[in-house]
Every structure is written in C-alpha cells, then in structure tokens.
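**Student:** Quick one, entry01.cif (mmCIF, C-alpha atoms and all ligand atoms):
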data_target
#
loop_
_atom_site.label_atom_id
_atom_site.label_comp_id
_atom_site.auth_asym_id
_atom_site.auth_seq_id
_atom_site.Cartn_x
_atom_site.Cartn_y
_atom_site.Cartn_z
CA MET A 13 189.56 69.60 278.68
CA ILE A 14 190.48 73.25 278.33
CA GLY A 15 189.53 75.23 281.42
CA ALA A 16 188.04 78.68 281.88
CA ALA A 17 191.40 80.09 283.00
CA GLN A 18 193.05 79.15 279.68
CA ILE A 19 190.20 80.70 277.70
CA ALA A 20 190.32 83.87 279.79
CA GLU A 21 194.08 84.03 279.28
CA ILE A 22 193.92 83.60 275.51
CA GLY A 23 191.03 86.09 275.45
CA GLY A 24 193.34 88.63 277.10
CA HIS A 25 196.04 88.05 274.48
CA LEU A 26 193.53 88.30 271.64
CA ALA A 27 192.20 91.60 273.00
CA VAL A 28 195.74 93.03 273.17
CA ARG A 29 196.44 91.82 269.63
CA ALA A 30 193.21 93.45 268.41
CA GLY A 31 194.08 96.74 270.11
CA THR A 32 191.53 99.39 271.07
CA ASP A 33 188.68 99.97 268.67
CA PRO A 34 189.89 97.50 265.98
CA PRO A 35 188.40 97.47 262.48
CA ALA A 36 185.95 94.55 262.18
CA ALA A 37 188.29 92.51 259.97
CA TRP A 38 190.96 92.56 262.67
CA ASP A 39 188.69 92.31 265.70
CA LEU A 40 189.94 89.22 267.52
CA ARG A 41 188.12 89.66 270.81
CA ILE A 42 186.11 86.91 272.46
CA ASP A 43 183.65 87.01 275.37
CA ALA A 44 185.69 85.73 278.29
CA GLY A 45 186.89 87.13 281.54
CA GLU A 46 184.18 89.42 282.85
CA ALA A 47 182.88 88.78 286.38
CA GLY A 48 181.10 85.45 286.81
CA TRP A 49 181.36 84.33 283.18
CA ASP A 50 183.16 81.09 284.07
CA THR A 51 180.43 79.73 286.36
CA ASP A 52 178.06 79.27 283.42
CA PRO A 53 178.95 76.17 281.30
CA ALA A 54 176.99 77.51 278.31
CA ARG A 55 178.99 80.77 278.39
CA LEU A 56 182.25 78.85 278.65
CA ARG A 57 181.33 76.66 275.68
CA HIS A 58 180.39 79.78 273.70
CA ALA A 59 183.75 81.44 274.44
CA LYS A 60 185.59 78.26 273.43
CA HIS A 61 183.80 78.30 270.08
CA GLN A 62 184.70 81.98 269.69
CA ALA A 63 188.37 81.18 270.37
CA LEU A 64 188.27 78.39 267.79
CA MET A 65 186.66 80.75 265.26
CA ARG A 66 189.51 83.20 265.85
CA ALA A 67 192.06 80.44 265.19
CA TYR A 68 190.37 79.63 261.87
CA GLN A 69 189.90 83.25 260.80
CA ALA A 70 193.63 83.81 261.30
CA ARG A 71 194.29 81.57 258.28
CA TYR A 72 192.65 84.08 255.90
CA MET A 73 193.84 87.24 254.28
CA LEU A 74 191.63 89.90 255.84
CA LEU A 75 192.04 93.62 255.31
CA PRO A 76 190.03 96.46 256.84
CA GLU A 77 187.95 98.54 254.42
CA ASP A 78 190.19 101.60 254.82
CA ALA A 79 193.60 102.50 256.22
CA GLY A 80 192.15 103.88 259.47
CA GLY A 81 194.47 105.39 262.07
CA GLY A 82 198.18 104.56 262.43
CA SER A 83 200.46 102.52 260.19
CA ILE A 84 198.54 99.84 258.27
CA LEU A 85 201.74 97.77 257.99
CA ALA A 86 202.38 97.83 261.72
CA ARG A 87 198.78 96.74 262.39
CA LEU A 88 198.91 94.02 259.71
CA ARG A 89 202.06 92.61 261.30
CA ARG A 90 200.48 92.68 264.73
CA HIS A 91 197.28 91.00 263.51
CA TYR A 92 199.22 88.18 261.86
CA ASP A 93 202.00 88.00 264.47
CA PRO A 94 203.26 84.39 264.19
CA ALA A 95 204.17 84.05 267.89
CA GLU A 96 200.72 85.26 268.98
CA MET A 97 199.02 83.08 266.38
CA ALA A 98 200.96 80.07 267.69
CA ARG A 99 199.68 80.76 271.19
CA LEU A 100 196.08 80.26 270.01
CA GLU A 101 197.03 77.48 267.62
CA ALA A 102 198.39 75.53 270.61
CA LEU A 103 194.82 75.26 271.93
CA ARG A 104 193.21 74.44 268.59
CA ALA A 105 193.57 70.64 268.48
CA GLU A 106 192.18 70.28 271.98
CA LEU A 107 189.30 72.66 271.30
CA GLU A 108 188.46 70.70 268.14
CA HIS A 109 188.63 67.46 270.08
CA GLU A 110 186.34 68.72 272.80
CA LEU A 111 183.84 70.69 270.72
CA LEU A 112 183.69 68.90 267.37
CA ALA A 113 185.03 65.34 267.63
CA PRO A 114 181.89 63.78 269.19
CA ALA A 115 179.64 64.71 266.22
CA LEU A 116 182.31 63.50 263.80
CA GLU A 117 182.57 60.17 265.62
CA THR A 118 178.78 59.71 265.39
CA ALA A 119 178.87 60.46 261.64
CA LYS A 120 181.73 58.01 261.08
CA GLN A 121 179.84 55.24 262.85
CA ALA A 122 176.70 55.97 260.81
CA ALA A 123 178.72 55.86 257.58
CA HIS A 124 180.65 52.68 258.34
CA GLY A 125 180.54 50.32 255.35
CA ARG A 126 178.26 52.65 253.30
CA ASN A 127 178.58 52.66 249.52
CA LEU A 128 179.32 56.11 248.10
CA ALA A 129 177.71 55.63 244.68
CA ALA A 130 174.42 54.38 246.17
CA TYR A 131 174.46 57.16 248.76
CA ALA A 132 175.05 59.88 246.15
CA ASP A 133 172.32 58.48 243.87
CA ALA A 134 169.76 58.61 246.69
CA LEU A 135 170.72 62.01 248.11
CA LEU A 136 169.44 64.34 245.40
CA PRO A 137 165.94 62.80 245.04
CA GLU A 138 165.69 62.64 248.84
CA LEU A 139 166.52 66.33 249.30
CA ARG A 140 164.34 67.39 246.37
CA ALA A 141 161.35 65.54 247.82
CA ARG A 142 161.63 67.43 251.10
CA PRO A 143 158.86 69.85 252.07
CA GLU A 144 159.67 73.55 252.12
CA ASP A 145 162.57 74.59 254.38
CA ALA A 146 161.14 74.70 257.93
CA PHE A 147 162.50 78.20 258.55
CA THR A 148 161.01 79.88 255.45
CA ALA A 149 157.73 78.00 256.09
CA PHE A 150 157.73 79.47 259.62
CA LEU A 151 158.46 82.98 258.34
CA ARG A 152 155.30 82.93 256.25
CA THR A 153 153.30 82.67 259.48
CA SER A 154 155.23 85.09 261.70
CA PRO A 155 154.39 88.77 262.13
CA GLN A 156 158.07 89.32 263.06
CA ARG A 157 159.36 87.84 259.81
CA GLU A 158 161.66 90.73 259.02
CA ALA A 159 163.42 90.39 262.39
CA HIS A 160 163.78 86.64 261.90
CA TYR A 161 165.22 87.06 258.43
CA ARG A 162 167.64 89.70 259.67
CA ASN A 163 168.77 87.25 262.33
CA PHE A 164 169.13 84.46 259.76
CA LEU A 165 171.35 86.73 257.65
CA ILE A 166 173.51 87.63 260.64
CA GLN A 167 173.92 84.08 261.95
CA SER A 168 174.74 82.79 258.46
CA SER A 169 177.17 85.65 257.81
CA ALA A 170 179.79 84.01 260.03
CA ASP A 171 180.64 81.84 257.05
CA LEU A 172 178.93 83.40 254.04
CA LEU A 173 180.63 86.81 254.11
CA ALA A 174 183.84 84.87 253.36
CA GLU A 175 182.04 82.16 251.39
CA ALA A 176 184.24 79.36 250.07
CA SER A 177 187.33 80.60 251.90
CA ALA A 178 187.18 77.44 254.00
CA SER A 179 186.92 75.15 250.98
CA ALA A 180 189.71 77.06 249.21
CA LEU A 181 192.08 75.60 251.80
CA GLY A 182 191.14 72.14 250.51
CA VAL A 183 192.13 72.98 246.94
CA VAL A 184 195.78 74.01 247.24
CA GLY A 185 198.36 71.24 246.94
CA GLU A 186 198.80 68.46 244.41
CA PHE A 187 196.32 65.62 244.09
CA GLY A 188 195.53 64.91 240.47
CA ALA A 189 192.40 65.46 238.36
CA PRO A 190 189.90 65.83 241.28
CA GLN A 191 191.88 68.88 242.37
CA SER A 192 191.11 70.62 239.06
CA ALA A 193 187.38 69.86 239.40
CA LEU A 194 187.40 71.33 242.93
CA PHE A 195 189.22 74.37 241.58
CA ARG A 196 186.53 74.92 238.94
CA ILE A 197 183.86 74.89 241.67
CA LEU A 198 185.97 77.29 243.70
CA ILE A 199 186.29 79.82 240.89
CA ASP A 200 182.49 79.79 240.48
CA GLU A 201 182.22 80.60 244.20
CA PHE A 202 184.57 83.53 243.59
CA GLY A 203 182.49 84.79 240.65
CA TYR A 204 185.04 83.68 238.09
CA GLY A 205 187.15 86.66 239.08
CA ALA A 206 184.36 89.21 238.51
CA HIS A 207 184.13 90.86 241.92
CA GLY A 208 180.44 91.77 241.59
CA ARG A 209 179.54 88.11 241.00
CA LYS A 210 181.52 86.63 243.89
CA HIS A 211 179.06 84.78 246.13
CA SER A 212 180.09 86.65 249.28
CA VAL A 213 179.55 89.94 247.43
CA LEU A 214 176.04 88.83 246.41
CA TYR A 215 175.43 87.95 250.07
CA ARG A 216 176.52 91.42 251.15
CA ALA A 217 173.81 92.91 248.94
CA VAL A 218 171.04 91.00 250.80
CA MET A 219 172.45 92.12 254.14
CA ARG A 220 172.42 95.77 253.07
CA ASP A 221 168.83 95.47 251.88
CA PHE A 222 167.83 94.33 255.37
CA GLY A 223 169.49 97.41 256.86
CA LEU A 224 172.57 95.53 258.06
CA SER A 225 176.29 96.18 257.90
CA ASP A 226 177.91 94.07 255.18
CA THR A 227 181.35 94.09 256.80
CA TYR A 228 182.94 90.71 257.44
CA ASN A 229 183.15 89.89 261.17
CA ALA A 230 181.20 93.02 262.21
CA TYR A 231 178.44 90.99 263.85
CA TRP A 232 180.62 88.50 265.73
CA PRO A 233 179.21 89.57 269.15
CA PHE A 234 175.74 88.55 267.95
CA PHE A 235 176.56 85.04 266.71
CA ASP A 236 174.98 82.46 268.96
CA THR A 237 176.67 79.22 269.91
CA ALA A 238 174.91 77.17 267.23
CA ALA A 239 176.10 79.54 264.49
CA LEU A 240 179.69 79.29 265.75
CA GLU A 241 179.37 75.52 265.97
CA LEU A 242 178.33 75.29 262.31
CA HIS A 243 181.10 77.66 261.22
CA ASN A 244 183.68 75.73 263.21
CA ALA A 245 182.45 72.31 262.05
CA ILE A 246 183.02 73.38 258.43
CA HIS A 247 186.40 74.96 259.12
CA HIS A 248 187.56 71.99 261.18
CA LEU A 249 187.17 69.88 258.04
CA PHE A 250 188.93 72.21 255.63
CA GLN A 251 191.70 73.46 257.89
CA ASN A 252 192.94 69.92 258.54
CA PRO A 253 194.28 68.12 255.43
CA ARG A 254 193.76 64.79 257.23
CA ASN A 255 190.04 65.43 256.71
CA PHE A 256 190.31 65.59 252.91
CA PHE A 257 187.73 62.89 252.16
CA LEU A 258 185.37 64.34 254.78
CA GLN A 259 185.73 67.68 252.94
CA VAL A 260 184.50 66.01 249.76
CA GLY A 261 181.53 64.70 251.75
CA PHE A 262 180.82 68.20 253.02
CA LEU A 263 180.75 69.52 249.44
CA LEU A 264 178.57 66.62 248.29
CA PHE A 265 175.92 67.33 250.93
CA ALA A 266 176.20 71.12 250.98
CA GLU A 267 175.98 71.62 247.20
CA THR A 268 173.07 69.16 246.97
CA ALA A 269 171.12 70.63 249.89
CA TYR A 270 171.85 74.23 248.92
CA GLN A 271 170.21 74.06 245.50
CA ARG A 272 166.97 73.21 247.32
CA SER A 273 167.15 75.51 250.36
CA THR A 274 168.23 78.53 248.28
CA ARG A 275 165.21 77.99 246.01
CA ASP A 276 162.95 78.22 249.09
CA HIS A 277 164.71 81.43 250.16
CA ALA A 278 164.49 82.96 246.66
CA ARG A 279 160.75 82.27 246.55
CA TYR A 280 160.20 83.55 250.08
CA LEU A 281 162.06 86.81 249.37
CA ALA A 282 160.22 87.34 246.07
CA GLU A 283 156.92 87.00 247.93
CA PHE A 284 157.55 88.88 251.18
CA HIS A 285 160.53 91.16 250.51
CA PRO A 286 160.31 91.79 246.76
CA ASP A 287 162.65 94.79 246.96
CA ALA A 288 165.48 92.80 248.55
CA ASP A 289 168.35 91.70 246.30
CA ALA A 290 167.87 87.92 246.05
CA ARG A 291 170.58 87.20 243.48
CA TYR A 292 172.60 85.28 246.07
CA PHE A 293 169.86 82.66 246.38
CA ALA A 294 168.83 82.59 242.70
CA GLU A 295 172.46 82.05 241.69
CA HIS A 296 172.83 79.02 243.99
CA THR A 297 169.54 77.45 242.90
CA HIS A 298 171.07 77.29 239.45
CA ILE A 299 174.80 76.78 239.87
CA ASP A 300 174.70 74.21 242.66
CA LEU A 301 172.96 71.78 240.29
CA HIS A 302 176.25 71.78 238.38
CA HIS A 303 178.39 71.74 241.52
CA THR A 304 176.60 68.65 242.80
CA ARG A 305 177.29 66.78 239.56
CA MET A 306 180.91 67.94 239.54
CA VAL A 307 181.50 66.76 243.11
CA ILE A 308 179.97 63.36 242.39
CA ASP A 309 181.25 62.65 238.88
CA GLU A 310 184.64 64.36 238.91
CA VAL A 311 185.71 64.13 242.55
CA ALA A 312 183.95 61.57 244.76
CA VAL A 313 183.48 58.68 242.29
CA PRO A 314 187.01 58.93 240.79
CA LEU A 315 188.53 59.08 244.29
CA VAL A 316 186.71 55.88 245.26
CA GLU A 317 187.82 54.23 242.00
CA THR A 318 191.43 55.13 242.79
CA TYR A 319 191.56 54.53 246.52
CA GLY A 320 188.77 52.08 247.28
CA GLU A 321 185.57 51.90 249.30
CA GLU A 322 187.33 52.92 252.51
CA VAL A 323 187.43 56.50 251.25
CA GLY A 324 183.84 56.19 250.00
CA ALA A 325 182.67 55.58 253.57
CA GLU A 326 184.73 58.56 254.73
CA ILE A 327 183.05 60.77 252.10
CA VAL A 328 179.64 59.57 253.30
CA ALA A 329 180.70 60.37 256.89
CA GLY A 330 181.58 63.94 255.82
CA ALA A 331 178.18 64.28 254.13
CA GLU A 332 176.32 62.94 257.17
CA LEU A 333 178.32 65.18 259.51
CA THR A 334 177.29 68.13 257.32
CA ARG A 335 173.66 67.00 257.34
CA SER A 336 173.61 66.90 261.15
CA ALA A 337 175.51 70.21 261.53
CA PHE A 338 173.09 72.05 259.21
CA ALA A 339 170.09 70.38 260.88
CA ARG A 340 171.24 71.38 264.38
CA ALA A 341 171.86 74.97 263.33
CA GLY A 342 168.54 75.16 261.48
CA GLU A 343 166.50 73.67 264.33
CA HIS A 344 168.19 75.99 266.81
CA MET A 345 167.48 79.11 264.76
CA LEU A 346 163.84 78.12 264.43
CA ALA A 347 163.57 77.49 268.20
CA VAL A 348 165.12 80.90 268.94
CA SER A 349 162.73 82.55 266.49
CA GLN A 350 159.73 80.86 268.12
CA ALA A 351 160.93 81.88 271.60
CA PHE A 352 161.24 85.48 270.38
CA ASP A 353 157.72 85.43 268.93
CA ALA A 354 156.37 84.07 272.24
CA ALA A 355 158.11 86.87 274.16
CA ALA A 356 156.86 89.49 271.66
CA GLU A 357 153.32 88.20 271.98
CA ALA A 358 153.57 88.64 275.76
CA GLY A 359 154.76 92.21 275.23
CA LEU A 360 158.27 91.29 276.42
CA ALA A 361 160.25 91.66 273.19
CA ALA A 362 160.52 94.19 270.39
CA SER A 363 162.13 93.85 266.96
CA ALA A 364 165.33 95.88 266.56
CA PRO A 365 168.57 95.49 264.61
CA PRO A 366 171.67 95.04 266.79
CA ASP A 367 173.52 98.23 267.63
CA LEU A 368 177.18 97.71 266.78
CA ALA A 369 178.15 100.76 268.84
CA MET A 370 176.72 99.24 272.02
CA LEU A 371 177.94 95.70 272.45
CA GLY A 372 177.04 95.04 276.08
CA VAL A 373 177.96 91.78 277.80
CA ALA A 374 177.15 88.24 276.63
CA ILE A 375 174.42 86.44 278.55
CA THR A 376 172.86 82.99 278.23
CA PRO A 377 169.36 81.84 279.21
CA THR A 378 170.89 80.00 282.20
CA ALA A 379 172.46 83.21 283.53
CA ALA A 380 169.27 85.14 282.81
CA ALA A 381 167.30 82.64 284.93
CA ARG A 382 169.39 83.68 287.95
CA LEU A 383 168.26 87.28 287.52
CA GLY A 384 164.65 86.36 288.21
CA ALA A 385 161.96 88.77 287.05
CA ALA A 386 164.28 91.77 286.67
CA PRO A 387 163.50 94.09 283.76
CA ALA A 388 166.28 93.99 281.20
CA ARG A 389 167.31 94.97 277.71
CA ILE A 390 168.85 91.92 276.10
CA GLN A 391 169.63 92.06 272.37
CA VAL A 392 169.22 88.59 270.88
CA GLY A 393 171.18 88.28 267.63
CA GLY A 394 169.51 90.18 264.83
CA LEU A 395 166.05 89.75 266.31
CA GLY A 396 165.60 92.53 268.81
CA LEU A 397 165.40 93.36 272.48
CA VAL A 398 164.01 91.01 275.10
CA LEU A 399 162.73 93.17 277.91
CA SER A 400 162.83 90.84 280.90
CA ALA A 401 165.47 88.41 282.15
CA ALA A 402 162.77 85.80 282.81
CA ALA A 403 161.61 85.97 279.20
CA PHE A 404 165.18 85.38 277.95
CA ALA A 405 165.56 82.51 280.43
CA ALA A 406 162.88 80.68 278.41
CA PHE A 407 165.04 80.76 275.24
CA PRO A 408 166.62 77.45 274.13
CA PRO A 409 170.13 76.46 275.31
CA GLY A 410 172.78 77.81 272.93
CA ALA A 411 170.96 81.14 272.56
CA VAL A 412 173.20 84.06 273.43
CA GLY A 413 172.11 87.62 274.05
CA ARG A 414 173.90 90.80 275.03
CA THR A 415 172.69 92.78 277.99
CA LEU A 416 172.33 96.46 277.34
CA GLY A 417 171.28 97.02 280.96
CA VAL A 418 169.70 94.78 283.58
CA GLY A 419 167.49 96.25 286.27
CA ALA A 420 167.39 99.47 284.27
FE FE A 501 178.33 79.64 246.73
FE FE A 502 178.26 75.87 245.07
#
Can you turn what I pasted into structure tokens?
**Tutor:**
Amino acid sequence: MIGAAQIAEIGGHLAVRAGTDPPAAWDLRIDAGEAGWDTDPARLRHAKHQALMRAYQARYMLLPEDAGGGSILARLRRHYDPAEMARLEALRAELEHELLAPALETAKQAAHGRNLAAYADALLPELRARPEDAFTAFLRTSPQREAHYRNFLIQSSADLLAEASASALGVVGEFGAPQSALFRILIDEFGYGAHGRKHSVLYRAVMRDFGLSDTYNAYWPFFDTAALELHNAIHHLFQNPRNFFLQVGFLLFAETAYQRSTRDHARYLAEFHPDADARYFAEHTHIDLHHTRMVIDEVAVPLVETYGEEVGAEIVAGAELTRSAFARAGEHMLAVSQAFDAAAEAGLAASAPPDLAMLGVAITPTAAARLGAAPARIQVGGLGLVLSAAAFAAFPPGAVGRTLGVGA
C-alpha cells in the first residue's frame, strides 16, 4: 500500500513541474502535504485518486488557451518531461491495484460464465424501463436546483471536458474489423472533425450557461473523491491494453445507459433552465442509440465469435463494472446534494459558484467533525458555502470541501 509520505513526495514533484500559477491545462498539483492531512484516511484516499488522475491526464495532448508568460516550448517540455512522468508512472500500477482492483474483482466474479448475447439483449429494455434518473427527479423538488446542477456539471467535467479521450486510447493499434467500428464511434464523439460539434465542445456550452469556466481541468480542486473514482475507473480500463475486452464492456453499458440518462437531462433542462444550451444531451439521446448497436453488432458479438465465450464474460464484467461505478458516483452526488439542502434549510449553507481565485485547503467531513461547532466557510464543489464545520461533518464520506476560513 502506498503511504502518505510517497504521496506527499510525488505531490511536491508535481507542484514543481506545474510551476507557480500554471494554466489550468498544465496544473498538476494535488492536495497533499499541508499540516495534518495524512492523519485523515479519507483525505489520503482523495490525494491518491488525484495523483492517479494526474498520471492519466499526462497521456493526453493538452495545451493552455494562450501562450501566457515565458517560452511555451520550455513549459511544454517541462509539463511532459519523461523523467518526471516516469516518477509518477512508477506509482500508477500500485495505485490502480489499491484503489480500483477491488471493484473490478467484484465485477469479474458477477460476470463469470455470463453469456454476452443474452446480456446485451436484456440491457437496453432494462435501462429503458427504468424510472427517471434519480438526480433529475430530485432536482425537480429542490429549491437549490441551480446549485445542484452546477455541481453536477463540475463533477462530470473531470471526464466530459475531454470526452472520449480515454476511449481514443483503446482505438489505436491493429485489431481487425472491430477497430474500424470503434473508430467510427470515436469520430462521432469528436464531431466528425467539426470542432463546434465535438461532444466536449457541446459540454462546454452548458457549463458557460451555468456561469462556469469551460476550461479543462480548471475545477480540479472541487472534484470530490467519488468524481475522481469514476474518472479513474474509466481511465484505468482504457489506459491499460490488457483491459481491452473490459473497455468494450464499458462502451456497451455507457452508450446504452447514456441514451436514457441524457434524455432525462434534456427534458429537465428544457423545463427548468430553458435558456441553457442543452445540445450536449439532445445529441447523445439520439446518437447513442446508434453507438449501442455498433458496439453490440460490430464489436462485442464479432469478438465473441472470433475468440470465444471467455471474452464475452470479460465484456460483461466491463459493463457491470461500469454500471457499479456510475451508480456509486450517482448515489454519492445525490447524497451530497441532499446534505447541502439540509444544511441550507437550517440556515447553514448558501448557494455560490466556486471561486477559482481562492482555492483554500481541502477538508473532509471527518476532519470537519474535529473542529466541533466552529463557524466556517467551506466551499463544497459547485454547490456553495457551508457555514459551520459541524454542518459539513454531516456530509457523506467521500465529500470534499475547501475551507476558505475556519473560525472566521
Ligand atoms: Fe459523447
Ligand atoms: Fe456515444
């Protein structure tokens, strides 16, 4: 198990590599090392997920939005310095083993001996028959719905502002006809080369309409542990070629589930935020019908025909892993939203977008509990400020806030 000292050490290297006041795209910092952080297991787990996210992000081409100060080439070379990247990469396998392997093991056991064709046939009717997405159903009843939606957009932005960059890593190489089907899905995700239709660009438009920055990685300090866990679970699949058949399972579940959940979001936005740009959701409601069929008919079924039922069970495991990862993230976000509403009702929380100029220090409910009844200003994701440490202590495990002053 990787200890706090190793995470603090890598955090120090990442901060040096990022330099002072880095552009968001090249901000590599994590929350490790400040006084007392390592005595809180939830904080340590959070920092480990941040470190793993940094390892995954380093595999992408990221550029800041403008040249900024100093030589862009010198900063590019520092950001992608192979020796420094190797330092973090050396921790990656162990972080994946500790943070992500248990859920994968559970999914593999659940999928043992399952038949892919029967599973795929049942999945779409099952997901279509579901009641409305629990989060959008909750929003209809909450007076703080705008704050909750803002938080949803921020937590989901970890992945969606670079949508399909993870799955792109599963497309390069040489593996026959299924590769070409995956590539056709990928070019849809990238808007067929029309920048304005790229899914991440459509997502940026919704963020702007909720008053948020649309810059990739800008909100990393406000991702909670569950959001990082979902991001990392997806990237763990696609950044390891040994997980190829699990990747296909991810796509099978994600494309099938997304056509339904995005429909709920499109309807919710049309009803409660009619001025917000909802093209991101409307586009998925439509195109993921096709992506589901393509994954099943042109990728999963042919792979099983070629390689046998062993890979079918692995594809089902990837789908079930994805189901549980989305469910955990969704349940957590709803629990955080409900805790925020309870605090607001008691007069102990107020809706506010996060202030990117004032990052504060990460704090968990466990650490807040130690502060007793002290007044505080704790920004929780995109929701707003919780005004007492005791109120934040009642938030669910995995919630992370940033203190903008305790005892003030
Ligand atoms: Fe997409
Ligand atoms: Fe899709």
**Student:** Contacts between ligand FE 501 (chain A) and chain A, please, where a residue of chain A counts if it comes within 10 Å (with all atoms listed in the file); show its shortest atom pair and distance in Å to one decimal, rows by chain and ascending number, as a Markdown table.
**Tutor:**
| residue | atom | partner | partner_atom | distance |
| --- | --- | --- | --- | --- |
| A:Leu172 | CA | A:FE501 | FE | 8.2 |
| A:Glu175 | CA | A:FE501 | FE | 6.5 |
| A:Ala176 | CA | A:FE501 | FE | 6.8 |
| A:Ile197 | CA | A:FE501 | FE | 8.9 |
| A:Leu198 | CA | A:FE501 | FE | 8.5 |
| A:Ile199 | CA | A:FE501 | FE | 9.9 |
| A:Asp200 | CA | A:FE501 | FE | 7.5 |
| A:Glu201 | CA | A:FE501 | FE | 4.7 |
| A:Phe202 | CA | A:FE501 | FE | 8.0 |
| A:Gly203 | CA | A:FE501 | FE | 9.0 |
| A:Lys210 | CA | A:FE501 | FE | 8.2 |
| A:His211 | CA | A:FE501 | FE | 5.2 |
| A:Ser212 | CA | A:FE501 | FE | 7.7 |
| A:Leu214 | CA | A:FE501 | FE | 9.5 |
| A:Tyr215 | CA | A:FE501 | FE | 9.4 |
| A:Ala266 | CA | A:FE501 | FE | 9.8 |
| A:Glu267 | CA | A:FE501 | FE | 8.4 |
| A:Tyr270 | CA | A:FE501 | FE | 8.7 |
| A:Gln271 | CA | A:FE501 | FE | 9.9 |
| A:Tyr292 | CA | A:FE501 | FE | 8.1 |
| A:Phe293 | CA | A:FE501 | FE | 9.0 |
| A:Glu295 | CA | A:FE501 | FE | 8.1 |
| A:His296 | CA | A:FE501 | FE | 6.2 |
| A:Thr297 | CA | A:FE501 | FE | 9.8 |
| A:Ile299 | CA | A:FE501 | FE | 8.2 |
| A:Asp300 | CA | A:FE501 | FE | 7.7 |
| A:His303 | CA | A:FE501 | FE | 9.5 |
**Student:** Name the closest residue to Asp353 (chain A) among the candidates A:Arg272, A:Arg216, A:His160, A:Arg89; distances are taken between atoms, counting only C-alpha atoms.
**Tutor:** A:His160
**Student:** Hey, what's within 10 Å of Arg382 (chain A) if we count only C-alpha atoms and toss same-chain stuff fewer than 3 positions away? As a short mmCIF file (atom, residue, chain, number, x, y, z; two decimals) with C-alpha atoms, in the coordinates of the input, please?
**Tutor:**
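Result written to part-v4.cif:
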data_model
loop_
_atom_site.label_atom_id
_atom_site.label_comp_id
_atom_site.auth_asym_id
_atom_site.auth_seq_id
_atom_site.Cartn_x
_atom_site.Cartn_y
_atom_site.Cartn_z
CA PRO A 377 169.36 81.84 279.21
CA THR A 378 170.89 80.00 282.20
CA ALA A 379 172.46 83.21 283.53
CA ALA A 385 161.96 88.77 287.05
CA ALA A 386 164.28 91.77 286.67
CA ALA A 401 165.47 88.41 282.15
CA ALA A 402 162.77 85.80 282.81
CA ALA A 405 165.56 82.51 280.43
#
**Student:** Within 8 Å of (171.9, 78.2, 265.3), only C-alpha atoms: residues as a list in words?
**Tutor:**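 Selection result: Gln167, Asp236, Thr237, Ala238, Ala239, Leu240, Glu241, Leu242, Arg340, Ala341, Gly342, Glu343, His344, Met345, Gly410 and Ala411 of chain A.
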**Student:** Excluding Arg140 (chain A) and residues on its chain fewer than 4 positions from it, collect all residues at most 12 Å away from it, counting all atoms listed in the file, and give them as a PyMOL selection string.
**Tutor:** chain A and resi 134-136+144-145+268-276+297+301
**Student:** If we count all atoms listed in the file and set the cut-off at 9 Å, which residues sit around region 95-110 of chain A, ignoring sequence neighbours fewer than 2 positions away in its own chain? Please answer as an MDAnalysis selection string.
**Tutor:** chainID A and resid 13:14 18 22 25:26 29 60:61 63:64 66:68 70 90:93 112:114 244:245 248
**Student:** If I take CA of Leu111 (chain A) and CA of His247 (chain A), how far is one from the other in Å, to one decimal?
**Tutor:**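 Going from CA of Leu111 (chain A) over to CA of His247 (chain A) covers 12.6 Å.
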